[in-house]
Every structure is written in structure tokens, then in C-alpha cells.
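Let me begin by presenting the structure, written as C-alpha cells, before commenting on it.
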Amino acid sequence: MVLIFVDHSDGLIKKSSFEAVSYGAKVAEILGTSAEALVLGTVTDNLAALGKYGVKKVHQVADETLNQVDSQRYAKVIAEAVTATGATVVVFSQNQTGKAVAANVAARLKAGIVTGACALPDTGNGFVVRKTVFSGKAFANVNILSPIKIISLNINSYQTVAGEGTAIVAPLTVQVDKSNIKITAVNKIIGEVPLTEADIVVSGGRGLKGPENWGILLDLAKELKAGTACSRPVGDADWRPHHEHVGQTGVQIAPNLYIALGISGAIQHLAGVNRSKVIVVINKDPEAPFFKAADYGIVGDLFEVVPKLTEEIRKMKASS
Amino acid sequence: MKILVCISKTPDTTSKIAFTNGNTKFDEAGVQWIINPYDEWYSLVRAIELKEKDPTISIHLVTVGLPDCDPIIRKALALGGDEAIRVNADSTDSYYIAAQIAEVAKKGGYDLVLTGKETIDYNGSSIGGMVAELVNAPYISLATVLNLNGTTATITREIEGGEEVAEVSLPLVVSCQKGMAEQRIPNMRGIMAARTKPLQVVEPAAIEALTALVNFELPPAKAGVKLVSPDNVAELVRLLHEEAKAI
Ligand SMILES: Cc1cc2nc3c(=O)[nH]c(=O)nc-3n(C[C@H](O)[C@H](O)[C@H](O)COP(=O)(O)OP(=O)(O)OC[C@H]3O[C@@H](n4cnc5c(N)ncnc54)[C@H](O)[C@@H]3O)c2cc1C
Ligand SMILES: Nc1ncnc2c1ncn2[C@@H]1O[C@H](COP(=O)(O)O)[C@@H](O)[C@H]1O
């Protein structure tokens, strides 16, 4: 059986978890077995609807204290669920929660893990999973040798597949320890699309000249319902909040569309965005390295081009 | 108070990524090696800052690697580590590395173990969580702020769409990222002192790897950029809508 860990935020299942479920269901199909899901804590979303993505059953440890992620107790609960359900493959999404718990579960179960997976396993000769390495500049094919295999799937690298079906939701009873962690504050950026989950990201570099010019970028982002990002010098200069800095040393993203405004495309910047499906670059310098990594580009002054682009998108949306 | 900082060696961020031996080995020709930026800029420098506030802290470094890691360890000592341990083993399996670090951590009785958020070559984001599990300690991932008050750590960590502040008692394992500290450059005194700081080499414990690398692949080259005139922005919108189906 393939067990998919489904996680949630503010009562809602994360988009990345739907991807993980779709992926896990496909893995189960390849292995000729069934797929089931595991939810810790309580949600407002309808768990039975996970059936649409290919799972027959959803195990829920409906303990409210599990709505807060504590790696240590999560790992213990998940490992026990794996043992109790007899799962042989466990799938996580490589989102913040995945990064906090998947490896812990692997160590606990002495199970081999591939994090940052970006393709279905090849079971022709072992159990080989492809992952991104060198910050998206290459792939590694890694064979998992242990009886239990754990995969943590990159965000936005597997298409969600929704069909028909309802899953049975079954309570799972496992011992839940007291948490060793006391959460004293939670600060969520309300209303903004989390960068790693955004479908479209509009990003700005030093070419915008100063924080006072961000309005044109934000207008474009608003029109596209996009997340916003920036290059490292922009974050370092406090023109934009630190959490928007993408790249080798910042956030790594893989949206469907990445629009770079006034960013030169240094190799360290590309390392955070090169997994984007489509890259658009607007830069006044035709020699900017970013054009080599781009799918579409405009060589021009962003202060003229971007407002026009926002306007054309508005027109296109109005007419379609 | 004893802090263990996990140090890994990675190719410089501008290195050309290429492979040899039938795509099973990273091509090291002409590659400059550095301390993994997350280990250096964030976890190590934060440990040094904590020691500057509380001189009773000692900072030990651990690396699982072959003798070619020594220059990297010396650089980390020059920045401000007190002593270092190198587990003399080569491995690509995260569990193997984590289990070696856990052995060192258990023997040394550390209050705090720091790792980087990820290595920039393998991008595992795994070692910290595994070590925590193997030494049976709480784990805080993706930390951006770390403060100590006696035996309690106050940590800010990244969560979906925001951040969370947590209080945890030591011992503890933390993975560190941007925000935690500022990059430093080792000074001459540090470099001189590093030459005589202890670097102990220990043989690896018998641990079985749970994964094996089959080979590497490079992504297919991009087809090349389609340039649109700045006077025809509508054409870009059409292409994104009709051709790329991205908007
Ligand atoms: C170890 C290391 C790690 C790093 N990690 C990161 C990282 O994670 N993320 C990151 O982003 N960087 C990182 N960097 C920094 C990186 O090397 C670059 O310095 C940085 O990305 C440059 O930012 P930029 O493109 O905004 O600025 P610049 O390189 O200054 O580029 C500005 C661009 O704007 C264009 N421009 C100017 N005016 C206009 C206009 N009116 N219209 C259109 N275009 C215009 C220019 O032609 C230029 O191409 C790292 C560096 C190192 C050494
Ligand atoms: N060979 C190693 N020796 C010591 N520490 C390591 C090693 N590999 C990884 N680490 C630590 O674990 C962190 C995460 O690595 P990874 O799980 O490979 O992304 C790194 O930032 C280091 O702090």
C-alpha cells in the first residue's frame, strides 16, 4: 500500500498535498496496489473528497493538538501509522511540513528516502526515483534499497489529477505524546499567495531602482493573481521583505510562470527559479544572462513595458 | 554549553555542473570548493554570535567526508569554531551521513546541533531531521532566528505563508537558513589560530546505506528565448495565453 501524508493549513488541504496524493495514487497503480492517505489533526475540508484524487481510504488522527507541526511527535505518529497500516511506500510533499518531518520519519523507520523527487519511480530495476540536485541544475536518479521507501515530491512537479470517487474516512488511534515545543506566536501574511504555492510569480531586481517603484510590479502581480518575489540584493537592501528573496540562498520555487523584471539572471538567482515551467524576462540589457534561461523576453525599459503588459493582460482577460 | 555545527563541502555556487564516469560522478575539474552557504553564513556564524555573548559556549564542527574536506574545515575553524571532528568516510546516502553525525553527537553530549537548511549540491534537506530522530531530540526546521536563554531556545521558523515562534528546551537540533546571521569573512588572526586548532579524524561507524545513486542527468537545453519587441507587448500576452498556456 502507498500511504500519502496530506497536510493542511488553516483547515484547508494544501495544493501541494493534492499533487502528492495524485502522485501517490499513480505510484500505487504502477505497483499494482492501493493508495491511502494520512491526515494529522482536524480540517474543515471534506476529506472524503480526496477519493477524487485516487485514494480509497483516509486515515485521520483527529487530535487537535496536531494542527501544529512538531517534527518529533509528528515523526512518531506518522511512523506508527505506517506500521499500523502496513504501507510500503510513503509519499510526502516537499513543502515546509515535508521538510520538517519526512526525513525524521525515514530515520525512525530506517527507510531510504528521496527528497525533491520530480518523477514517478522507475521500478524496472529496483526502485529508482529522480530528484533535482545542484539547485535545479541537474537531476540524480536514486535507488531506494530499503523495504519501506519514502518519497518527498517537489512542489509543482506533478500535475494534480482529479476524477470521480469518495474515500472512506477512518479514525486512526495512535498514541500522541505531549509536545516538547511551545508555539508562542504565528505570523501569517494574510491575503498573499505563499510564494512556493503560487502558480505565477512576478519578481523584481535591482533594475527597479528602489522600493518606491514596486507599484508597477504589484499591479502586474495583482492582475495575474501572482505571488511576488525579488532578487537577493533587493531583499538585502530591505526594498522587499526577506521572505521574498528567491535563489540559491533564498526560496526555491517552481511556478508555471515566472516573470523577471530588471533581474540580470546571475547563476545564484537562476538556481532558485530554473524549475519554473515558463520564464519571461524583461530587461533593458540584451546581454543579460537571464535571456539564456528564458522562454520569452522583451529587451526594453521595464518602466515602459510593465505598465503596458499589465494593461494588455487586463484587455485579454476582459475579452476572453 | 556545547554546540555542534554540521559542516559540508559543496562546489562554489558558480561552478559548471557536469558529470564524468558515465554520468555517475560530479566533474570536479576546475571546481572551487566552499563551505555550504547555509552551514557557513547561517548556522556557524550564529553559533559564533552566541559564543560572543556567552564565552562559556564551545563550538565543535563535524564533517562526514574524506581528507579533501580538511581545507573547508580549517576555514570554518578560522571563522570561529573551536575544534573539529571529521568522520573519515565518503557517502552519498543521507541516512549514512546522519547516522555518523548522530554517533558524534551522542558521544559529545551536545546541547545544540545546528545544520544548514540544505546542501546546495544534493538538496536533501534531510540530515537535520534524521540526526534529531537518531538522538531522540526535538527538531526545528527552516529556522530564521535563534536565541538562547539558559537552557531554553526561542526560534522563529518558516511555515506555509508565514512564520512561527517556538520555545523549546535543549537539547535540540535546528536547521538554519537566511535571516539567522550575516556572512563573515575570516580575519588573519582567525586563519592563523585555525592552523593549530584540533581537527580529530575518526573512523566511521558500521552503518548501512539505504539509498544508492544510479546516475546524474542534465536537463534538456532550453529551446532559446523568443524575443518580442517592446512596442508589441500585446504579442507577448498572446504568446503566453495561446502558445505557452501560462496565463
Ligand atoms: C554565494 C552567493 C549566493 C547568492 N545567492 C543569491 C540568491 O539566492 N538570489 C539572488 O537573486 N542572488 C543571489 N546572489 C547574488 C547574485 O550573484 C547577483 O548579484 C544578484 O542576483 C543580482 O541581482 P539583480 O539581478 O537584482 O541585480 P543586478 O545584477 O544589478 O541586475 C539588475 C538588472 O536590471 C536591468 N535593468 C536596469 N534598469 C532597467 C530598466 N529600466 N528596465 C529593464 N531592466 C533594467 C539591468 O540590465 C540588470 O540586468 C548570490 C551571490 C553569491 C556570491
Ligand atoms: N557530509 C556531511 N557532513 C556534515 N554535515 C553534513 C553533511 N552533509 C550534510 N550535512 C549537514 O546537513 C545539512 C543538510 O544537508 P542535506 O540534507 O544534504 O540537504 C547541511 O546544510 C549540513 O549542515
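For the C-alpha cells, the naming scheme is as follows: chains receive sequential letters (A, B, ...) according to their order of presentation, residues are indexed from 1 within each chain, and ligands are indexed from 1 in presentation order.
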Requested in this report: Enumerate as a PyMOL selection string the residues belonging to chain B that approach chain A to within 7 Å, with only C-alpha atoms taken into account.
Outcome: chain B and resi 13-14+95+120-126+129-130+133-134+138-139+141+159-168+178+210-219+222+224-230+233-234+237+246
Taking 5 positions as the minimum chain separation for residues in the same chain, which residues sit within 10 Å of A:Leu50 when counting only C-alpha atoms? Answer as an mmCIF file with C-alpha atoms, in the first residue's frame.
data_model
loop_
_atom_site.group_PDB
_atom_site.id
_atom_site.type_symbol
_atom_site.label_atom_id
_atom_site.label_comp_id
_atom_site.auth_asym_id
_atom_site.auth_seq_id
_atom_site.Cartn_x
_atom_site.Cartn_y
_atom_site.Cartn_z
ATOM 1 C CA VAL A 6 -1.713 15.038 3.493
ATOM 2 C CA ILE A 13 -5.639 20.878 2.479
ATOM 3 C CA PHE A 18 -3.236 17.249 -3.744
ATOM 4 C CA VAL A 21 -1.992 12.388 -3.495
ATOM 5 C CA SER A 22 -2.258 12.302 -7.293
ATOM 6 C CA GLU A 36 -4.436 5.621 1.145
ATOM 7 C CA ALA A 37 -3.980 8.997 2.796
ATOM 8 C CA ASP A 45 -12.068 20.494 4.092
ATOM 9 C CA VAL A 55 -7.191 7.253 -2.588
ATOM 10 C CA LYS A 56 -9.643 4.671 -1.264
ATOM 11 C CA LYS A 57 -9.217 5.454 2.375
ATOM 12 C CA VAL A 58 -8.168 8.397 4.532
ATOM 13 C CA ALA A 162 -8.974 14.835 -10.288
ATOM 14 C CA GLY A 163 -11.530 12.190 -11.254
ATOM 15 C CA GLU A 164 -14.509 10.617 -9.514
ATOM 16 C CA GLY A 165 -14.732 8.835 -6.202
ATOM 17 C CA THR A 166 -15.157 9.203 -2.479
ATOM 18 C CA ALA A 167 -12.770 7.912 0.127
ATOM 19 C CA ILE A 168 -13.711 6.288 3.389
ATOM 20 C CA VAL A 169 -12.523 8.416 6.294
#
Requested in this report: Have a look at B:Glu103, B:Glu118, B:Asp82, B:Asp54 and name the one nearest to ligand 2; count only C-alpha atoms and all ligand atoms.
Outcome: B:Glu118
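Residues of stretch 88-125 of chain A that DSSP places in alpha helix (DSSP H), based on the backbone of this structure, are Gln96, Thr97, Gly98, Lys99, Ala100, Val101, Ala102, Ala103, Asn104, Val105, Ala106, Ala107, Arg108 and Leu109 of chain A.
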Query raised in the report: Please, which residues have at least one atom within 9 Å of an atom of ligand 2, using only C-alpha atoms and all ligand atoms, listed as a ChimeraX atom specification?
Result: /A:103,115 /B:5-9,36-40,43,61-65,86-87,89-94,97-98,100-101,114-131,175-176
Restricting the output to C-alpha atoms, write the selected residues as a short mmCIF file (atom, residue, chain, number, x, y, z; two decimals), in the first residue's frame.
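part16.cif, written as the output of this step:
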data_model
loop_
_atom_site.label_atom_id
_atom_site.label_comp_id
_atom_site.auth_asym_id
_atom_site.auth_seq_id
_atom_site.Cartn_x
_atom_site.Cartn_y
_atom_site.Cartn_z
CA ALA A 103 13.44 12.75 6.92
CA THR A 115 13.55 14.21 -1.20
CA VAL B 5 27.76 22.64 13.86
CA CYS B 6 27.46 20.31 10.86
CA ILE B 7 29.69 21.48 8.03
CA SER B 8 29.50 20.17 4.49
CA LYS B 9 31.64 20.87 1.47
CA ASN B 36 27.88 25.00 2.08
CA PRO B 37 26.49 28.57 2.35
CA TYR B 38 23.70 27.59 4.76
CA ASP B 39 26.23 25.96 7.09
CA GLU B 40 28.61 28.88 6.95
CA SER B 43 24.44 28.10 11.39
CA LEU B 61 32.34 21.20 14.00
CA VAL B 62 31.57 17.88 12.37
CA THR B 63 32.03 16.83 8.76
CA VAL B 64 31.48 13.43 7.25
CA GLY B 65 33.99 13.33 4.42
CA ARG B 86 35.97 14.65 10.61
CA VAL B 87 34.35 11.28 10.18
CA ALA B 89 34.00 8.40 5.08
CA ASP B 90 32.60 9.17 1.67
CA SER B 91 28.93 8.69 1.10
CA THR B 92 26.01 9.98 -0.85
CA ASP B 93 23.31 8.47 1.34
CA SER B 94 21.66 10.92 3.73
CA ILE B 97 25.78 10.67 6.93
CA ALA B 98 23.14 11.45 9.56
CA GLN B 100 27.59 9.14 11.58
CA ILE B 101 26.79 12.64 12.86
CA LEU B 114 22.95 23.04 14.02
CA THR B 115 22.72 22.11 10.34
CA GLY B 116 22.10 24.14 7.23
CA LYS B 117 18.65 24.11 5.65
CA GLU B 118 20.07 22.04 2.79
CA THR B 119 23.24 21.34 0.88
CA ILE B 120 23.32 23.26 -2.40
CA ASP B 121 24.56 20.19 -4.30
CA TYR B 122 22.40 17.31 -3.05
CA ASN B 123 19.47 19.46 -1.88
CA GLY B 124 18.40 16.82 0.62
CA SER B 125 17.03 18.95 3.47
CA SER B 126 17.26 15.69 5.36
CA ILE B 127 20.28 15.45 7.61
CA GLY B 128 18.99 17.66 10.43
CA GLY B 129 15.70 15.81 10.84
CA MET B 130 17.42 12.45 10.72
CA VAL B 131 20.02 13.41 13.31
CA SER B 175 18.25 23.59 10.57
CA CYS B 176 19.24 27.14 9.75
#
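Shortest separation to ligand 1 among B:Thr20, B:Gln177, B:Thr196, B:Asn149 occurs at residue B:Gln177, atoms counted being only C-alpha atoms and all ligand atoms.
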**Report entry** Residues flagged strand (DSSP E or B) by DSSP in stretch 23-235 of chain B, as a PyMOL selection string
**Finding:** chain B and resi 25-26+33-35+58-65+83-88+112-116+139-149+152-159+162-169+172-176+199-202+211-217+226-228
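Counting from atom CA of B:Lys16, the distance to atom CA of A:Ala260 is 23.1 Å.
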Query raised in the report: What gap, in Å, lies between atom 13 (C, counted along the ligand's line) of ligand 1 and atom CA of B:Phe19?
Result: 24.3 Å
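Candidate residues B:Leu146, B:Cys69, B:Arg46, B:Gln183 were compared for distance to ligand 1, and the nearest is B:Gln183, using only C-alpha atoms and all ligand atoms.
The smallest atom-to-atom distance between A:Tyr53 and any of A:Thr85, A:Ser319, A:Asn125, A:Gln159, using only C-alpha atoms, is found for A:Gln159.
If only C-alpha atoms and all ligand atoms are the atoms counted, then among B:Tyr96, B:Phe26, B:Trp33, B:Tyr110 the closest residue to ligand 1 is B:Trp33.
Atom 23 (O, counted along the ligand's line) of ligand 1 lies 5.4 Å from atom CA of A:Pro233.
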